[in-house]
There are 2 protein chains.
Amino acid sequence: MARRSSEDKKERILDAATVEIARHGYHQTTVAVIARRAGVADGTIYLYFKNKEEILVSLFERALGRFIAKGQEQLEGMTGAADKLRAIVDLHLTLVGQDRDLAIITQVELRHSLHFLEELSRAQVGGYLAIIAQVIAEGVASGQFRADLDPVLAGKAVFGVLDEMATDWVLSRRNTRLEAKAPEVTELVLGMVASGG
Amino acid sequence: MARRSSEDKKERILDAATVEIARHGYHQTTVAVIARRAGVADGTIYLYFKNKEEILVSLFERALGRFIAKGQEQLEGMTGAADKLRAIVDLHLTLVGQDRDLAIITQVELRHSLHFLEELSRAQVGGYLAIIAQVIAEGVASGQFRADLDPVLAGKAVFGVLDEMATDWVLSRRNTRLEAKAPEVTELVLGMVASGG
DNA sequence: CTGGAAAATGAATAGGTATTCAGTACCATA
DNA sequence: TATGGTACTGAATACCTATTCATTTTCCAG
């Protein structure tokens, strides 16, 4: 019971932080305002997080965990590099497009300092890039993709396309669905890597 | 003379800010430390800039101005959408790769809040995206590029690739030259848009 | 019931820095 | 040399908020 309630409290703090930081930005969001929204006292935050920055890190880790879980589930048992790449595009746009507050944080607030971005980039996003590169390598080996590709470089390019689509969506105020772009984006991405034809 | 010296001072402040912000991040960089490096008093900063944030804006505007000037000069008199796109890739990577401090700012520090990024994105980067979209539209019209492309979307994709390459270079500590990737990146980008073949 | 550990509270602290402004230095002109 | 205006200075101000910790509340084992 105690365990249960604690877990809930930590979740509540992360949820509150997501909303507030998305709305006002990391630096404009005070710990006090997160606490108020979460329904806890200021000091309680520090029973669950070492400091304010750790809230941001935890936020991202929680989100990426869910992201990767769904991704692996989806790619499981799928064969063919092109299909896998299609699935990645679709999943990326769908998941980012699912929660605008979270998207604001991942696309904007999380990138606010070199130190921070380096940390994230190496530890977390690196794994995601590796998966994409792996799929591309598979396609190169099978002949579906161009033989002269550098899978790592091409993987970054694919990520760059997806990331830009996500950022653009966050910055545009219109109420479009991000995943609506998936078919077109898939064509662009496959064009980059597929064997001529 | 007075004019000349003032211009110099403003430039010195921007140069100093570039170095300090690249090294310590926007929020960790105090106005005092920028002033010291520029060789002026703290208060002098406020004779040239309304506030600290305006330093960052000016920094970016100065850089983008130079960027676009070189770009237009380069594209001038060039014909053929594919060649123009090649030139854009080359120029983008070359210019970003020329000054690592500035690159840290454009790729990282400038993106630290939604408000800020929106402002930049709409007012400044929008013009750059429009140029890329224009080139793609030209290629579609001439048949060099795929007929079913949406030039605006494809333009964002191209920008996404270039931006990711730049960010990746900034985060990698190795001393590679960013423009060394230009040929490979060009192939990827052309693959996205070029007619099958 | 009850004693005490664990969890939670929120007012006080401690540290930090953007911005101001009263004063100083400089310079052109008469 | 005197005068007035402009540029510059940097110490003082004014404000802000992350974090701590003495106290209170909650919870459950005995």
# chains A, B, ... in the order shown; residues from 1 in each chain; ligands from 1

$ residues_around --residues "His112 of chain A" --least-positions-apart "4" --cutoff "7 Å" --atoms "only C-alpha atoms (C1' of nucleotides)" --output "PyMOL selection string"
chain B and resi 108-109+111-112

$ write_last_selection --atoms "all heavy atoms" --output "JSON list (two decimals), in the first residue's frame"
[["chain", "number", "residue", "atom", "x", "y", "z"],
["B", 108, "VAL", "N", 22.44, 24.16, -30.17],
["B", 108, "VAL", "CA", 22.03, 23.79, -28.82],
["B", 108, "VAL", "C", 21.42, 24.95, -28.03],
["B", 108, "VAL", "O", 20.23, 24.94, -27.70],
["B", 108, "VAL", "CB", 23.21, 23.20, -28.01],
["B", 108, "VAL", "CG1", 22.72, 22.74, -26.64],
["B", 108, "VAL", "CG2", 23.85, 22.04, -28.76],
["B", 109, "GLU", "N", 22.20, 25.95, -27.78],
["B", 109, "GLU", "CA", 21.79, 26.98, -26.82],
["B", 109, "GLU", "C", 20.58, 27.79, -27.30],
["B", 109, "GLU", "O", 19.79, 28.27, -26.51],
["B", 109, "GLU", "CB", 22.94, 27.92, -26.51],
["B", 109, "GLU", "CG", 24.16, 27.24, -25.91],
["B", 109, "GLU", "CD", 23.85, 26.53, -24.59],
["B", 109, "GLU", "OE1", 22.93, 26.96, -23.88],
["B", 109, "GLU", "OE2", 24.52, 25.53, -24.30],
["B", 111, "ARG", "N", 18.04, 26.80, -28.65],
["B", 111, "ARG", "CA", 16.78, 26.07, -28.65],
["B", 111, "ARG", "C", 16.23, 25.84, -27.27],
["B", 111, "ARG", "O", 15.51, 24.88, -27.03],
["B", 111, "ARG", "CB", 17.01, 24.72, -29.36],
["B", 111, "ARG", "CG", 17.68, 24.96, -30.69],
["B", 111, "ARG", "CD", 17.99, 23.72, -31.47],
["B", 111, "ARG", "NE", 18.67, 24.12, -32.70],
["B", 111, "ARG", "CZ", 18.63, 23.47, -33.83],
["B", 111, "ARG", "NH1", 17.94, 22.35, -33.91],
["B", 111, "ARG", "NH2", 19.28, 23.90, -34.90],
["B", 112, "HIS", "N", 16.56, 26.71, -26.37],
["B", 112, "HIS", "CA", 16.29, 26.39, -24.98],
["B", 112, "HIS", "C", 14.89, 26.69, -24.47],
["B", 112, "HIS", "O", 14.61, 26.43, -23.32],
["B", 112, "HIS", "CB", 17.32, 27.04, -24.06],
["B", 112, "HIS", "CG", 17.28, 28.52, -24.11],
["B", 112, "HIS", "ND1", 17.89, 29.30, -23.18],
["B", 112, "HIS", "CD2", 16.71, 29.36, -24.98],
["B", 112, "HIS", "CE1", 17.70, 30.56, -23.48],
["B", 112, "HIS", "NE2", 16.99, 30.63, -24.57]]

$ residues_around --residues "Arg23 of chain B" --least-positions-apart "3" --cutoff "8 Å" --atoms "only C-alpha atoms (C1' of nucleotides)" --output "list in words"
Val19, Glu20 and Asp101 of chain B

$ closest_atom_pairs --of "chain A" --to "chain B" --cutoff "10 Å" --atoms "only C-alpha atoms" --output "Markdown table"
| residue | atom | partner | partner_atom | distance |
| --- | --- | --- | --- | --- |
| A:Ile21 | CA | B:Ser113 | CA | 9.7 |
| A:Ala22 | CA | B:Leu114 | CA | 8.1 |
| A:Arg23 | CA | B:Leu114 | CA | 8.6 |
| A:His24 | CA | B:Leu114 | CA | 8.3 |
| A:Gly25 | CA | B:Ser113 | CA | 5.8 |
| A:Tyr26 | CA | B:Ser113 | CA | 7.6 |
| A:His27 | CA | B:Ser113 | CA | 8.5 |
| A:Gln28 | CA | B:Ser113 | CA | 9.4 |
| A:Ile104 | CA | B:Leu114 | CA | 7.3 |
| A:Ile105 | CA | B:Leu114 | CA | 8.8 |
| A:Gln107 | CA | B:Leu114 | CA | 9.0 |
| A:Val108 | CA | B:Leu114 | CA | 6.0 |
| A:Glu109 | CA | B:Ser113 | CA | 5.7 |
| A:Leu110 | CA | B:His112 | CA | 7.7 |
| A:Arg111 | CA | B:His112 | CA | 6.1 |
| A:His112 | CA | B:His112 | CA | 4.0 |
| A:Ser113 | CA | B:Glu109 | CA | 5.7 |
| A:Leu114 | CA | B:Val108 | CA | 6.0 |
| A:His115 | CA | B:Gly25 | CA | 8.2 |
| A:Phe116 | CA | B:Val108 | CA | 9.7 |
| A:Leu117 | CA | B:Val108 | CA | 7.7 |
| A:Glu118 | CA | B:Leu171 | CA | 6.1 |
| A:Glu119 | CA | B:Leu171 | CA | 9.7 |
| A:Ser121 | CA | B:Leu171 | CA | 8.1 |
| A:Arg122 | CA | B:Leu171 | CA | 8.9 |
| A:Asp148 | CA | B:Glu184 | CA | 9.4 |
| A:Leu149 | CA | B:Glu184 | CA | 8.4 |
| A:Asp150 | CA | B:Glu184 | CA | 8.6 |
| A:Leu153 | CA | B:Val185 | CA | 8.3 |
| A:Ala154 | CA | B:Leu188 | CA | 7.4 |
| A:Lys156 | CA | B:Glu164 | CA | 6.8 |
| A:Ala157 | CA | B:Val161 | CA | 4.8 |
| A:Val158 | CA | B:Val161 | CA | 7.2 |
| A:Phe159 | CA | B:Glu164 | CA | 7.6 |
| A:Gly160 | CA | B:Gly160 | CA | 4.7 |
| A:Val161 | CA | B:Gly160 | CA | 4.7 |
| A:Leu162 | CA | B:Gly160 | CA | 7.6 |
| A:Asp163 | CA | B:Gly160 | CA | 6.9 |
| A:Glu164 | CA | B:Gly160 | CA | 4.8 |
| A:Met165 | CA | B:Lys156 | CA | 7.2 |
| A:Thr167 | CA | B:Gly160 | CA | 9.6 |
| A:Asp168 | CA | B:Lys156 | CA | 8.3 |
| A:Val170 | CA | B:Leu114 | CA | 8.9 |
| A:Leu171 | CA | B:Glu118 | CA | 6.1 |
| A:Ser172 | CA | B:Glu118 | CA | 8.7 |
| A:Lys181 | CA | B:Leu153 | CA | 9.0 |
| A:Glu184 | CA | B:Leu149 | CA | 8.4 |
| A:Val185 | CA | B:Ala157 | CA | 8.1 |
| A:Glu187 | CA | B:Met192 | CA | 7.9 |
| A:Leu188 | CA | B:Met192 | CA | 4.9 |
| A:Val189 | CA | B:Met192 | CA | 6.5 |
| A:Leu190 | CA | B:Met192 | CA | 7.4 |
| A:Gly191 | CA | B:Met192 | CA | 4.5 |
| A:Met192 | CA | B:Gly191 | CA | 4.5 |
| A:Val193 | CA | B:Leu188 | CA | 7.1 |
| A:Ala194 | CA | B:Gly191 | CA | 8.3 |
| A:Ser195 | CA | B:Gly197 | CA | 8.8 |
| A:Gly196 | CA | B:Gly197 | CA | 5.0 |
| A:Gly197 | CA | B:Gly196 | CA | 4.9 |

$ interface_residues --of "chain A" --to "chain C" --cutoff "7 Å" --atoms "only C-alpha atoms (C1' of nucleotides)" --output "PyMOL selection string"
chain A and resi 41+43-44

$ interface_residues --of "chain D" --to "chain B" --cutoff "10 Å" --atoms "only C-alpha atoms (C1' of nucleotides)" --output "compact mmCIF listing (two decimals) with C-alpha atoms (C1' of nucleotides), in the first residue's frame"
# COMPACT_ATOMS: atom_id res chain seq x y z
C1' DA D 7 29.94 57.22 -23.56
C1' DC D 8 31.23 54.54 -20.02
C1' DT D 9 31.72 52.58 -15.36
C1' DG D 10 30.88 49.23 -11.62

$ atom_distance --atom1 "atom CA of Val135 of chain B" --atom2 "atom CA of Thr176 of chain A"
25.8 Å

$ select_by_dssp --residues "chain B" --states "alpha helix (DSSP H)" --output "ChimeraX atom specification"
/B:2-24,31-38,42-48,52-75,81-96,100-107,114-120,126-142,151-171,182-193

$ atom_distance --atom1 "atom CA of Arg177 of chain B" --atom2 "atom CA of Leu129 of chain A"
21.4 Å

$ residues_around --residues "segment 95-98 of chain A" --least-positions-apart "4" --cutoff "6 Å" --atoms "only C-alpha atoms (C1' of nucleotides)" --output "ChimeraX atom specification"
/A:91,103,178

$ write_last_selection --atoms "N, CA, C and O atoms" --output "mmCIF file, in the first residue's frame"
data_model
loop_
_atom_site.group_PDB
_atom_site.id
_atom_site.type_symbol
_atom_site.label_atom_id
_atom_site.label_comp_id
_atom_site.auth_asym_id
_atom_site.auth_seq_id
_atom_site.Cartn_x
_atom_site.Cartn_y
_atom_site.Cartn_z
ATOM 1 N N LEU A 91 5.865 4.621 -36.120
ATOM 2 C CA LEU A 91 5.874 4.603 -34.662
ATOM 3 C C LEU A 91 6.383 5.916 -34.085
ATOM 4 O O LEU A 91 5.797 6.467 -33.146
ATOM 5 N N ALA A 103 5.844 16.150 -26.111
ATOM 6 C CA ALA A 103 6.588 16.466 -27.334
ATOM 7 C C ALA A 103 7.320 17.797 -27.205
ATOM 8 O O ALA A 103 8.460 17.942 -27.641
ATOM 9 N N LEU A 178 0.220 14.465 -36.283
ATOM 10 C CA LEU A 178 1.570 14.243 -36.791
ATOM 11 C C LEU A 178 1.645 12.974 -37.631
ATOM 12 O O LEU A 178 2.285 12.952 -38.689
#

$ residues_around --residues "Glu179 of chain A" --least-positions-apart "5" --cutoff "7 Å" --atoms "only C-alpha atoms (C1' of nucleotides)" --output "ChimeraX atom specification"
/A:90,93-94,97
